[in-house]
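Notes follow once the structure below has been shown.
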Amino acid sequence: MIMKVEMIPNPSKKEDGKKTRLTHIKGNNGWEAFTPSSRPIDRVVYLGNCCYDGDMFAIYYNNIISFCKGDLNNGIFYTN
């Protein structure tokens, strides 16, 4: 499935040639490596750029909201 990433703030820079990547998810013991195909993601919302962690996202899956970090790039997220 392909979905457009929802954006709360208007990002100032994007790399159009690269797709959006989610690299880490916030777990009980801090940031953990994230594999998007391991969860059926329903929605991705860009929250902004953190000076410590970079591009931040909220993801929605199975009636759960989690926080992720990664790279916004072109604003298009591929779940497969």
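The chains in the structure tokens are called A, B, ... from first to last as shown; in each chain the residues are counted from 1, and the ligands are counted from 1 in the order shown.
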Practice item. Name all residues at most 6 Å from Lys19 of chain A (count only C-alpha atoms; drop same-chain ones fewer than 3 positions away) and give them as JSON, numbers by chain. Key: {"A": [73, 74, 76]}
Written selection (C-alpha atoms) as a short mmCIF file (atom, residue, chain, number, x, y, z; two decimals), in the first residue's frame:
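So the final result, stored in selection-v7.cif, reads:
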```
data_model
loop_
_atom_site.label_atom_id
_atom_site.label_comp_id
_atom_site.auth_asym_id
_atom_site.auth_seq_id
_atom_site.Cartn_x
_atom_site.Cartn_y
_atom_site.Cartn_z
CA ASN A 73 12.29 13.05 2.12
CA ASN A 74 9.47 13.23 -0.48
CA ILE A 76 5.39 9.46 0.42
#
```
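With distances restricted to only C-alpha atoms, A:Ile41 is the closest residue to Tyr60 of chain A from A:Asn29, A:Thr23, A:Ile41, A:Met1.
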Check your understanding: For Asp53 of chain A, which residue out of A:Ile25, A:Phe77, A:Ile65, A:Ser38 is the nearest one, using only C-alpha atoms?
Key -> A:Ile25
Point to revise | Thr20 of chain A environment, 12 Å, only C-alpha atoms, sequence neighbours closer than 6 positions dropped, as a PyMOL selection string | key: chain A and resi 2-6+14+36+44-46+55-57+68-79
Produce a file of the selected residues containing C-alpha atoms, as a short mmCIF file (atom, residue, chain, number, x, y, z; two decimals), in the first residue's frame.
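Listing of part-v7.cif after writing:
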```
data_model
loop_
_atom_site.label_atom_id
_atom_site.label_comp_id
_atom_site.auth_asym_id
_atom_site.auth_seq_id
_atom_site.Cartn_x
_atom_site.Cartn_y
_atom_site.Cartn_z
CA ILE A 2 1.17 3.55 -0.72
CA MET A 3 0.02 6.44 1.47
CA LYS A 4 0.70 10.14 1.61
CA VAL A 5 2.28 11.20 4.90
CA GLU A 6 0.12 13.74 6.73
CA LYS A 14 12.37 17.77 1.41
CA PRO A 36 7.65 -1.03 8.80
CA VAL A 44 1.59 8.26 9.23
CA VAL A 45 1.72 11.86 10.51
CA TYR A 46 4.85 14.03 10.26
CA ASP A 55 12.31 13.99 11.53
CA MET A 56 9.61 12.74 13.92
CA PHE A 57 6.42 10.84 13.04
CA CYS A 68 8.97 7.02 15.13
CA LYS A 69 11.94 8.83 13.74
CA GLY A 70 13.34 8.67 10.25
CA ASP A 71 13.65 10.79 7.10
CA LEU A 72 10.73 12.76 5.60
CA ASN A 73 12.29 13.05 2.12
CA ASN A 74 9.47 13.23 -0.48
CA GLY A 75 6.57 12.75 1.96
CA ILE A 76 5.39 9.46 0.42
CA PHE A 77 5.55 6.31 2.59
CA TYR A 78 5.51 2.79 1.12
CA THR A 79 4.34 0.09 3.53
#
```
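As for atom CA of Ser37 of chain A and atom CA of Cys51 of chain A, they are spaced 27.4 Å apart.
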Practice item. Quick one: pull the distance between atom CA of Ala58 of chain A and atom CA of Gly17 of chain A, Å, one decimal. Key: 22.7 Å
Exercise for review: Give the strand (DSSP E or B) residues of segment 1-46 of chain A, as assigned by DSSP on the backbone, as a ChimeraX atom specification.
Suggested key: /A:2-4,6-7,21-27,30-33,43-46
